[in-house]
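The block underneath contains the structure these notes are about, expressed in C-alpha cells.
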Amino acid sequence: MIRNTYKTLLLALLLPNLIYAQQAKKLTLQEAVALGVSNSKNLKLSQSKIDESIARLAIVKDNALPSANASFLYNHAEIPTNSLIIGAADPIHLPKRADAFVGTAAVQELIYNGGKLRYAEESTKLLTEVAKLDADKSKEEISYAVINTYYSLFKVLQSKKVVAQNLESIASQLKQSQRFFEQGIVTKNDVLRFQLQQANVSLTDMEIENNRKIINYNLDILLGLDDATIVEITDPDNSLKVAGTLGSYIEMAMGNRQELQQLDLQNKVAGVNIKSMKANTLPTIGVGANLYYINPSGSFIPPSNQYIMPVTIGANISYNIGNLWTNKNKISEARIQQQNVVIQKDILSDQFKTEINRSYQNYQLAINKIKILETSIAQATENDNLLASKYKNNVASAIDRIDAETLLYQAKINLELAKADAGLAYYTLLKSTGKISN
C-alpha cells in the first residue's frame, strides 16, 4: 500500500514536467521564420495564384494550336406523297422513305492575326511573374511578422528575468528590515514599505506573465503550431549591426522592393496590350481543310459508287477596315493607363524613401539609447551599492533604499528592451529595402 502511494506521488510530481516537455518547443529566430514561412496559409494562397497563372499561360499557348472538329449525321425521312408533277413534264416518283448518312471533318489553322496570340502569351507570362513577386512580398510580410512577435516574446521574457531578480533582492531586503526591526534599528513602517514594494513588483510580474501568454499564443498561430505549445526562444543576436549609409539602403530598395518590380512588369504588360490593340488594324489569314462524307444509299456501309467523299482545301483572309478609325481611341486610352503605371511607380518610390529614412533614423536612435542606458546602469549600480551600505549602517531611510533599487532594476529592464528594440529596428530597416527574407 505504501509502495503504491509512493508511485502515485512520484507520477503526480513528474506528470507536469512530462506535459511541459511535450508542449514546449525551442526555436531560434531563423528557425521560427522558416517555420512561419513553410506553414503560412497566405503563402499557400499565393502559390495557388501562381499555379493559376501558369495554367492560364498553358491555355493561351493552346490557342495557337490548330482547331479541328468532326460530325456525323444520320437522317431518316418518311415521304407520304412521293409523286411530283411539274407542268407537262413526266411525274417524278420518290421513294416512300429514305435514309442518308452525312459526315464532315474540318481542320483550321490561323496563320496570321497581327501577332495577337504572341502578345497574349507574352502578357500572360508577365502576369505570372507579377504573381510570383506577390508571393515574394507575402514571404517578406510573414517573415517580419514572425520576427516582430519573436522579439516581443523576447522582451517579455527578459523583463521577467529582471523582475525575478528584483523580487529576489526585495525578499532579501525585507528579511534584513525585519531583522533590523526586531533589533529596534528601524520602524515597522520601514518593513511595511518593503512589503508594499514586493507586492507592487509581484503585480508587475503577473502583468508580464499575462502578456507572455498572449504573445506566445499569437506566435503559435503564426508558426502553425498547436496553440498550447510553449515557445522557448533563444536570445536573438543583439550585437549592434553597423548600418550603411542611408543612400545605400534607398538604392537597395529601388532594386529589391517587389512592389516596384511589379509596377515595372505592369508597365511591360501595358506596352504589350498596346501592341495587341494595334494588331486589330491588321488582316487575319487562315487556312483549312474539310472532308465530307455523303451516303444517301440508306445503308450504313454503302455499296460501291453510292457515296461521295469530297475534300476541300482553302485559305481565307479577313480585314475589319473599320478598326482603322475606331481603334485609335482605344490605343490612346491604353497609353494613358501605361503612363499611370509610371506615375504610380514614382509615387511609390517616394513613399519608400520616406519609409527607409524613418527606419534608418529609428535604428540610429535605438543604438544611441543603448549607449546611454549602459551608462545609466553603471550609475544606478553605484548609487544602489551606496544606498545599500548607508541603509545597512542606518544612515539612509528605507525609502531611499527602495528608490535606488527600483532605479537600478528599471534601468536593467530598459536596457534589455532597448537591445531588443534595436534588433527589431534593424530588421524593420531590412524590410523597408525588401531584403528581410534573406
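Ligands are numbered from 1 in the order shown, chains are lettered A, B, ... in the order of the C-alpha cells, and residues start at 1 in each chain.
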I need the strand (DSSP E or B) residues of stretch 169-401 of chain A per DSSP on the backbone, written as a ChimeraX atom specification. /A:230-233,284-295,308,311-318
Report the residues of stretch 121-321 of chain A whose backbone DSSP state falls under helix (DSSP H, G or I), written as a ChimeraX atom specification. /A:121-182,188-223,246-256,258-281
Using only C-alpha atoms, find each residue in stretch 109-194 of chain A having at least one atom no more than 8 Å away from stretch 387-400 of chain A; report its shortest atom-to-atom pair and that distance in Å (one decimal), rows by chain then rising number, as a Markdown table.
| residue | atom | partner | partner_atom | distance |
| --- | --- | --- | --- | --- |
| A:Ile185 | CA | A:Asn394 | CA | 7.3 |
| A:Val186 | CA | A:Asn394 | CA | 7.9 |
| A:Asp190 | CA | A:Ala398 | CA | 5.6 |
| A:Arg193 | CA | A:Ala398 | CA | 7.3 |
| A:Phe194 | CA | A:Ala398 | CA | 7.7 |
Go ahead and write the residues just picked, N, CA and C atoms, as a tab-separated table (two decimals), in the first residue's frame.
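Final output, result37.tsv:
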chain	number	residue	atom	x	y	z
A	185	ILE	N	16.33	48.75	15.25
A	185	ILE	CA	17.10	49.70	14.44
A	185	ILE	C	16.18	50.50	13.52
A	186	VAL	N	15.16	49.83	12.93
A	186	VAL	CA	14.21	50.52	12.04
A	186	VAL	C	12.81	50.37	12.60
A	190	ASP	N	9.16	50.90	7.99
A	190	ASP	CA	10.18	50.50	7.01
A	190	ASP	C	9.91	49.10	6.47
A	193	ARG	N	7.06	49.21	4.03
A	193	ARG	CA	7.44	49.77	2.73
A	193	ARG	C	8.06	48.69	1.84
A	194	PHE	N	8.91	47.86	2.42
A	194	PHE	CA	9.49	46.76	1.64
A	194	PHE	C	8.41	45.76	1.22
Distance query stretch 263-278 of chain A at most 6 Å, only C-alpha atoms, self and fewer than 4 positions along chain excluded, as a ChimeraX atom specification: /A:116,119,123,331,338
Shell of 10 Å around stretch 372-385 of chain A, only C-alpha atoms, local chain residues under 5 positions omitted, as a list in words: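 Surrounding residues, per the criterion: Ile367, Lys390, Tyr391, Asp400, Arg401, Ile402, Asp403, Ala404, Glu405, Thr406, Leu407, Leu408, Tyr409, Gln410, Ala411, Lys412, Ile413, Asn414, Leu415, Glu416, Ala418 and Lys419 of chain A.
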Go ahead and write the residues just picked, C-alpha atoms, as a PDB file, in the first residue's frame.
ATOM      1  CA  ILE A 367      21.720  52.394 -30.928  1.00  0.00           C
ATOM      2  CA  LYS A 390      24.056  53.543   4.058  1.00  0.00           C
ATOM      3  CA  TYR A 391      20.863  51.664   4.881  1.00  0.00           C
ATOM      4  CA  ASP A 400      15.947  55.934  -0.251  1.00  0.00           C
ATOM      5  CA  ARG A 401      16.998  52.284  -0.336  1.00  0.00           C
ATOM      6  CA  ILE A 402      13.869  51.230  -2.244  1.00  0.00           C
ATOM      7  CA  ASP A 403      14.157  54.112  -4.720  1.00  0.00           C
ATOM      8  CA  ALA A 404      17.770  53.262  -5.502  1.00  0.00           C
ATOM      9  CA  GLU A 405      16.959  49.611  -6.060  1.00  0.00           C
ATOM     10  CA  THR A 406      13.923  50.462  -8.198  1.00  0.00           C
ATOM     11  CA  LEU A 407      16.007  52.772 -10.383  1.00  0.00           C
ATOM     12  CA  LEU A 408      18.619  50.061 -10.898  1.00  0.00           C
ATOM     13  CA  TYR A 409      16.181  47.363 -11.949  1.00  0.00           C
ATOM     14  CA  GLN A 410      14.203  49.763 -14.124  1.00  0.00           C
ATOM     15  CA  ALA A 411      17.447  50.682 -15.874  1.00  0.00           C
ATOM     16  CA  LYS A 412      18.205  46.991 -16.401  1.00  0.00           C
ATOM     17  CA  ILE A 413      14.758  46.389 -17.890  1.00  0.00           C
ATOM     18  CA  ASN A 414      15.081  49.446 -20.110  1.00  0.00           C
ATOM     19  CA  LEU A 415      18.454  48.229 -21.393  1.00  0.00           C
ATOM     20  CA  GLU A 416      17.113  44.775 -22.279  1.00  0.00           C
ATOM     21  CA  ALA A 418      16.347  48.776 -25.858  1.00  0.00           C
ATOM     22  CA  LYS A 419      18.553  45.937 -27.142  1.00  0.00           C
TER      23      LYS A 419
END
Nearest residue to A:Ser143 out of A:Glu259, A:Asp90, A:Glu31, A:Glu333, using only C-alpha atoms?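 Among A:Glu259, A:Asp90, A:Glu31, A:Glu333, it is A:Glu31 that comes nearest to A:Ser143.
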Could you list, as a PyMOL selection string, every residue within 10 Å of A:Lys160, counting only C-alpha atoms and ignoring same-chain residues fewer than 6 positions away? chain A and resi 154+166+204-209+212+413
Dump N, CA and C atoms for the selected residues as a PDB file, in the first residue's frame?
ATOM      1  N   PHE A 154      10.616  37.857 -26.654  1.00  0.00           N
ATOM      2  CA  PHE A 154      11.952  38.006 -26.052  1.00  0.00           C
ATOM      3  C   PHE A 154      11.959  39.148 -25.025  1.00  0.00           C
ATOM      4  N   ASN A 166      14.685  41.168  -9.202  1.00  0.00           N
ATOM      5  CA  ASN A 166      14.214  42.233  -8.319  1.00  0.00           C
ATOM      6  C   ASN A 166      13.473  41.660  -7.118  1.00  0.00           C
ATOM      7  N   THR A 204       3.444  43.547 -11.142  1.00  0.00           N
ATOM      8  CA  THR A 204       4.124  43.728 -12.435  1.00  0.00           C
ATOM      9  C   THR A 204       4.470  42.387 -13.061  1.00  0.00           C
ATOM     10  N   ASP A 205       4.938  41.450 -12.231  1.00  0.00           N
ATOM     11  CA  ASP A 205       5.275  40.115 -12.716  1.00  0.00           C
ATOM     12  C   ASP A 205       4.042  39.410 -13.271  1.00  0.00           C
ATOM     13  N   MET A 206       2.900  39.579 -12.622  1.00  0.00           N
ATOM     14  CA  MET A 206       1.657  38.969 -13.102  1.00  0.00           C
ATOM     15  C   MET A 206       1.246  39.551 -14.452  1.00  0.00           C
ATOM     16  N   GLU A 207       1.382  40.866 -14.613  1.00  0.00           N
ATOM     17  CA  GLU A 207       1.028  41.508 -15.875  1.00  0.00           C
ATOM     18  C   GLU A 207       1.948  41.039 -17.001  1.00  0.00           C
ATOM     19  N   ILE A 208       3.230  40.910 -16.685  1.00  0.00           N
ATOM     20  CA  ILE A 208       4.178  40.440 -17.690  1.00  0.00           C
ATOM     21  C   ILE A 208       3.863  39.004 -18.113  1.00  0.00           C
ATOM     22  N   GLU A 209       3.515  38.165 -17.150  1.00  0.00           N
ATOM     23  CA  GLU A 209       3.175  36.776 -17.454  1.00  0.00           C
ATOM     24  C   GLU A 209       1.923  36.705 -18.333  1.00  0.00           C
ATOM     25  N   ARG A 212       2.973  37.529 -21.733  1.00  0.00           N
ATOM     26  CA  ARG A 212       3.721  36.407 -22.319  1.00  0.00           C
ATOM     27  C   ARG A 212       2.766  35.380 -22.917  1.00  0.00           C
ATOM     28  N   ILE A 413      15.858  46.743 -16.992  1.00  0.00           N
ATOM     29  CA  ILE A 413      14.758  46.389 -17.890  1.00  0.00           C
ATOM     30  C   ILE A 413      14.812  47.244 -19.148  1.00  0.00           C
TER      31      ILE A 413
END
